[in-house]
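Below is one structure, written out as structure tokens; the observations come after it.
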Amino acid sequence: MRIALRWSLHLLVAVLVLVLLLAAAIALAFRLTLPSTENDAAIPGLSAPVEITLDAHGIPWVRAASAEDAHAALGYLHARDRLFQMDLMRRGAAGRLSALIGAQGLRVDRYVRLLGLERRAEADLAALPAETRAALAAYARGVNAWIDRHGMAAAPEYVLLATRPERWRETDSLLWGKAMALFLTGNMRTELARLRLSAVLPRERIDELWPRDGSPHSPMAALPALPPDHLARVLAALPVFGEDAPLPSTASNIWAVTGTASASGKPLLANDPHLALVTPTQWHLARVEAPGLTLAGAFAPGVPFLVLGHNGHVAWGFTTTHSDTQDVFIERLAGADAYLTPDGPRPFETREEVIEVRFGDPVRMRVRETRHGPVISDLDPVPGTPEGHVLAVAMALLAPGDAAAAALHRLNTARDFAEAEAAVRLIAAPQQNIVIADRGGRIGMVVPGRVPIRRAGDGSFPVPGWDGSHDWVGFAPYEALPRFVDPPTDRLVNANNRVVPDDFPVWLTRDWWGDFRFRRIVARLEAHGAPHDAASLAAIQMDIVSEAARRLLPLMLRAEPGPGAPARAHALLARWDGTMAADRPEPLIYTAWTRAFGRLLAERALGPDAEAFRETVAEFQLFVLTRGAHWCGDGPDPCRPLLARALDDAMAELATSQGPDLAAWRWGAVHRARFPHLLFQFVPGVAGWFDTEMETPGDGYTVLRAGLRQSGPRPYENVHGPSFRGVYDLADLDASRFIIAPGQSGHPLSAHYRDLAPLWLAGGHVTLPAEPAAARGRITLRPEPIGG
């Protein structure tokens, strides 16, 4: 017994020593890789030294002798602060993630290898203008100067993974655009979900799950029945964004007012794109100056061009149109290696992809393409395909000749609205609503992007591919796309809502998102009274009133509550104005009630199916409570008892998780924004060390977007919101307001890893004037001969 005890103690001591040694090694790795705030470095190809000043938040002010030198400096700075983030981006978009992190990356790698994003980026690079290729090459030299100087110590993650980062290529920067286009266009998943539901629901019920907005609907051709289990496996093979559940749909806000409605007499513009809340964020703030060039705002690590901000003459911002630029085609096979077309059988185009897997054997993947696009049926891990058919996908983002990099490059030097519009019309994918304001007083929203012209159908459901009846016959020309310039109303507003009337000649999509945020922005603009300024626009960005709640709740309160807690909750909600405040119980009760109602609707219809049934979406519940009571059951008012039951369920759930005292419940206690680290979030036991958490107000329908996780163990967590906020007064662009979260640096030991998060939460901002308020670091980049 004593011997066993002694050995147990020895073993425990040994384990503790190993843990301490590992912790010390990790701490040392982090310390040795922490970038200095005072240093010189050499970059091949610079024409002259570049001086960089870092402010109190680690934001750089770059002064270069030429635009090309500035692009090289940005490459160096982005690598210094965000190299591992950049590496994950390019690997994910190229299908080489598994080579770094192991088999966990195969789901993404198989999908993007099927799409062939990297080879398409290589073809696009060759077709870009020489000046854009030169900018990309200069940026790559800057990134590689950091990599060459630091090797494995270029970022702490490489030390822990015992891996040296690969050198940066010009194509890698183009992959950022491909990845964003793929992330911001997702109709294929919806089409497959609808097709899967067709085995259990009639078409009219499927359409109701994605409520119509009154647009004309083309009749559908008859389709073959495909096995639901095959469709389920294909859906499961498609990557989702989030730890354990899909994230909410992408969203953004943008609005502008003319000088007539502005206190300064010049246009104002506000923009906040909504993306997943992660560490580090998708944006990196900087001010860049070179002869003929001034840029201030949000750059994307991996790209040398300013994406969101101003250039001293023009300010701009983006929201996603959510146009339907993906179609699933059901192809009829003609033997083992061919498929049918209107002209007879045609062989598949095939290629083999070899995916390297760290700690495992390479995975070989045969990719087939039809005239419409890649065969996504091949993602089904079960050998073989359904008898006689495969599924292929057409995507606008896969078409050759994407000149988005050239568009951003030219936008960065535009001097007025006309030049800015001429630049952005080159954007191919994704289609974006781009609002532009210039110092001359013009504002406008243009909607460039490749929008397919279909022979038939509305793109909402998979279509037959063998007869050509639903083929794409081209893309709509820019001149045929929506364009709104110098509006007589003195304002432009978009929050991903419908941008065209029912009779617009170019079909954009069937599935427009609800206009809840749009309505609230317009109401706030109209209620302001006095002329607007940057402060009034910034205040609207922080608005936490849910128009969705204001419209849904009167319909829900028709339900007779049960005694006790449900009755008290009902009374609370009856007095509530829809403000999603972090310190109140009403937002929590309302959200839990809508979730419970959605679950009951799903269970009654077909059982819980998060992929194919959007039960928590306000648009669908509004439809059910106004025009779709048949989803609740039979009888004169079948939704009332279902709502009462849902309130009982919600209150029981909350009593278990929040305690019995309803008055003590707080929305912010569960609606926490957590910015997980891109890598360490997947490491049990240490993830919390690298996260940034804070209580937040709002929900997915407030102007201050705070989108909820759709399922999983933390269903109320805030996972999706304003990754960047910018406000611009064209009368004084140096006073423009910017904020990102959690910080500039991706290094966990950096003082700038999360120092911007409190400002972001409070609605604060930083400015990027000609000179920083205080210098906290200086970097000088010196020329080095190429090849020297």
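Naming works like this for the structure tokens: A, B, ... for the chains as they're shown, residue 1 at the start of each chain, ligands 1 onward in shown order.
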
Name the residues in contact with range 145-153 of chain A at a cut-off of 12 Å, using only C-alpha atoms, excluding same-chain residues fewer than 6 positions from it; report them as JSON, numbers by chain. {"A": [28, 29, 30, 31, 32, 33, 34, 35, 40, 41, 42, 43, 44, 45, 46, 72, 73, 74, 75, 76, 77, 78, 79, 80, 81, 82, 83, 84, 87, 138, 139, 159, 160, 161, 162, 163, 164, 165, 166, 167, 168, 747, 781, 782, 783, 784, 786, 787, 788]}

With only C-alpha atoms counted and 9 Å as the cut-off, give the residues of range 424-540 of chain A in contact with range 171-195 of chain A, each with its shortest interatomic distance in Å and the pair that gives it, as a tab-separated table.
residue	atom	partner	partner_atom	distance
A:Ala429	CA	A:Ala181	CA	5.6
A:Pro430	CA	A:Ala181	CA	4.7
A:Gln431	CA	A:Ala181	CA	8.4
A:Gly459	CA	A:Glu191	CA	8.2
A:Ser460	CA	A:Glu191	CA	5.9
A:Phe461	CA	A:Glu191	CA	4.9
A:Pro462	CA	A:Glu191	CA	5.9

Let me see the file: selected residues, N, CA and C atoms, as a PDB file, in the first residue's frame.
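The new file again18.pdb reads:
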ATOM      1  N   ALA A 429     -17.883  39.394 -57.537  1.00  0.00           N
ATOM      2  CA  ALA A 429     -18.557  38.633 -56.487  1.00  0.00           C
ATOM      3  C   ALA A 429     -17.890  38.929 -55.158  1.00  0.00           C
ATOM      4  N   PRO A 430     -18.706  38.998 -54.102  1.00  0.00           N
ATOM      5  CA  PRO A 430     -20.162  38.917 -54.093  1.00  0.00           C
ATOM      6  C   PRO A 430     -20.785  40.243 -54.501  1.00  0.00           C
ATOM      7  N   GLN A 431     -22.058  40.196 -54.898  1.00  0.00           N
ATOM      8  CA  GLN A 431     -22.738  41.451 -55.183  1.00  0.00           C
ATOM      9  C   GLN A 431     -22.898  42.236 -53.888  1.00  0.00           C
ATOM     10  N   GLY A 459     -34.365  30.572 -59.087  1.00  0.00           N
ATOM     11  CA  GLY A 459     -33.143  30.228 -58.372  1.00  0.00           C
ATOM     12  C   GLY A 459     -33.342  29.754 -56.950  1.00  0.00           C
ATOM     13  N   SER A 460     -34.580  29.541 -56.536  1.00  0.00           N
ATOM     14  CA  SER A 460     -34.824  29.192 -55.141  1.00  0.00           C
ATOM     15  C   SER A 460     -34.794  27.698 -54.886  1.00  0.00           C
ATOM     16  N   PHE A 461     -34.818  26.879 -55.942  1.00  0.00           N
ATOM     17  CA  PHE A 461     -34.935  25.438 -55.799  1.00  0.00           C
ATOM     18  C   PHE A 461     -34.020  24.786 -56.826  1.00  0.00           C
ATOM     19  N   PRO A 462     -33.461  23.616 -56.549  1.00  0.00           N
ATOM     20  CA  PRO A 462     -32.669  22.931 -57.569  1.00  0.00           C
ATOM     21  C   PRO A 462     -33.484  22.706 -58.848  1.00  0.00           C
TER      22      PRO A 462
END

Residues of range 518-685 of chain A in strand (DSSP E or B), written as a list in words: His532, Val545, Thr579, Arg672, Ala673, Arg674, Phe675 and His677 of chain A

Taking only C-alpha atoms into account, name the residue in A:Leu555, A:Ala602, A:Val390, A:Ala523 that is nearest to Ala334 in chain A. A:Val390

Could you give me the residues within range 533-773 of chain A that DSSP places in alpha helix (DSSP H), as a PyMOL selection string? chain A and resi 534-541+547-556+565-574+586-605+618-626+639-658+667-670+687-690+757-762

Select from range 546-600 of chain A every residue with an atom at most 12 Å from any atom of range 630-634 of chain A, then for each give the shortest pair of atoms and their distance in Å to one decimal, using only C-alpha atoms, rows by chain and rising number, as JSON lines.
{"residue": "A:Phe597", "atom": "CA", "partner": "A:Cys632", "partner_atom": "CA", "distance": 9.6}
{"residue": "A:Gly598", "atom": "CA", "partner": "A:Cys632", "partner_atom": "CA", "distance": 10.3}
{"residue": "A:Arg599", "atom": "CA", "partner": "A:Cys632", "partner_atom": "CA", "distance": 11.4}
{"residue": "A:Leu600", "atom": "CA", "partner": "A:Cys632", "partner_atom": "CA", "distance": 8.5}

Give me, as a PyMOL selection string, all polymer residues having an atom no more than 9 Å from Trp513 in chain A, counting only C-alpha atoms and skipping those fewer than 4 positions away in the same chain. chain A and resi 322+496-498+619

Selected residues written out, N, CA, C and O atoms, as a JSON list (two decimals), in the first residue's frame:
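File written: part-v1.json
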[["chain", "number", "residue", "atom", "x", "y", "z"],
["A", 322, "HIS", "N", -27.26, 40.04, -50.82],
["A", 322, "HIS", "CA", -27.86, 38.72, -50.67],
["A", 322, "HIS", "C", -28.61, 38.29, -51.93],
["A", 322, "HIS", "O", -29.62, 37.58, -51.86],
["A", 496, "ASN", "N", -29.50, 45.34, -45.58],
["A", 496, "ASN", "CA", -29.71, 44.06, -46.24],
["A", 496, "ASN", "C", -31.16, 43.83, -46.64],
["A", 496, "ASN", "O", -31.54, 42.69, -46.97],
["A", 497, "ASN", "N", -31.98, 44.86, -46.64],
["A", 497, "ASN", "CA", -33.36, 44.75, -47.06],
["A", 497, "ASN", "C", -33.45, 44.82, -48.58],
["A", 497, "ASN", "O", -32.47, 45.08, -49.28],
["A", 498, "ARG", "N", -34.63, 44.61, -49.08],
["A", 498, "ARG", "CA", -34.89, 44.64, -50.52],
["A", 498, "ARG", "C", -34.43, 45.96, -51.12],
["A", 498, "ARG", "O", -34.68, 47.03, -50.56],
["A", 619, "GLU", "N", -39.13, 36.56, -39.40],
["A", 619, "GLU", "CA", -39.98, 36.64, -40.59],
["A", 619, "GLU", "C", -40.96, 35.48, -40.65],
["A", 619, "GLU", "O", -42.14, 35.66, -40.97]]

Env of range 763-767 of chain A: 8 Å cut, atoms = only C-alpha atoms, seq-sep filter 3 positions within chain, self excluded. Answer as a VMD selection string. chain A and resid 538 to 539 542 734 to 739 759 to 760

Non-local contacts of range 723-733 of chain A (7 Å; only C-alpha atoms; under 4 positions in same chain excluded) as a PyMOL selection string: chain A and resi 264+266-275+277+281+312+315+438-439+534+538+737-741

Selection file, C-alpha atoms, as a compact mmCIF listing (two decimals), in the first residue's frame:
# COMPACT_ATOMS: atom_id res chain seq x y z
CA SER A 264 -21.68 70.63 -41.83
CA LYS A 266 -21.45 68.07 -46.59
CA PRO A 267 -22.57 64.44 -46.80
CA LEU A 268 -22.38 62.08 -43.83
CA LEU A 269 -21.93 58.31 -44.13
CA ALA A 270 -22.18 55.53 -41.53
CA ASN A 271 -21.33 51.86 -42.07
CA ASP A 272 -21.05 48.82 -39.82
CA PRO A 273 -20.55 45.43 -41.50
CA HIS A 274 -21.57 42.46 -39.37
CA LEU A 275 -19.38 39.37 -39.24
CA LEU A 277 -16.99 37.96 -33.52
CA THR A 281 -11.03 40.58 -35.86
CA GLY A 312 -9.38 62.17 -48.33
CA ALA A 315 -15.76 57.72 -48.31
CA ASP A 438 -17.66 62.58 -51.97
CA ARG A 439 -16.51 66.01 -50.84
CA ALA A 534 -21.26 62.38 -36.98
CA ALA A 538 -22.91 57.08 -34.41
CA ARG A 737 -14.78 57.76 -36.39
CA PHE A 738 -13.52 54.17 -36.45
CA ILE A 739 -13.68 51.18 -34.13
CA ILE A 740 -12.93 47.47 -34.31
CA ALA A 741 -12.84 44.81 -31.58
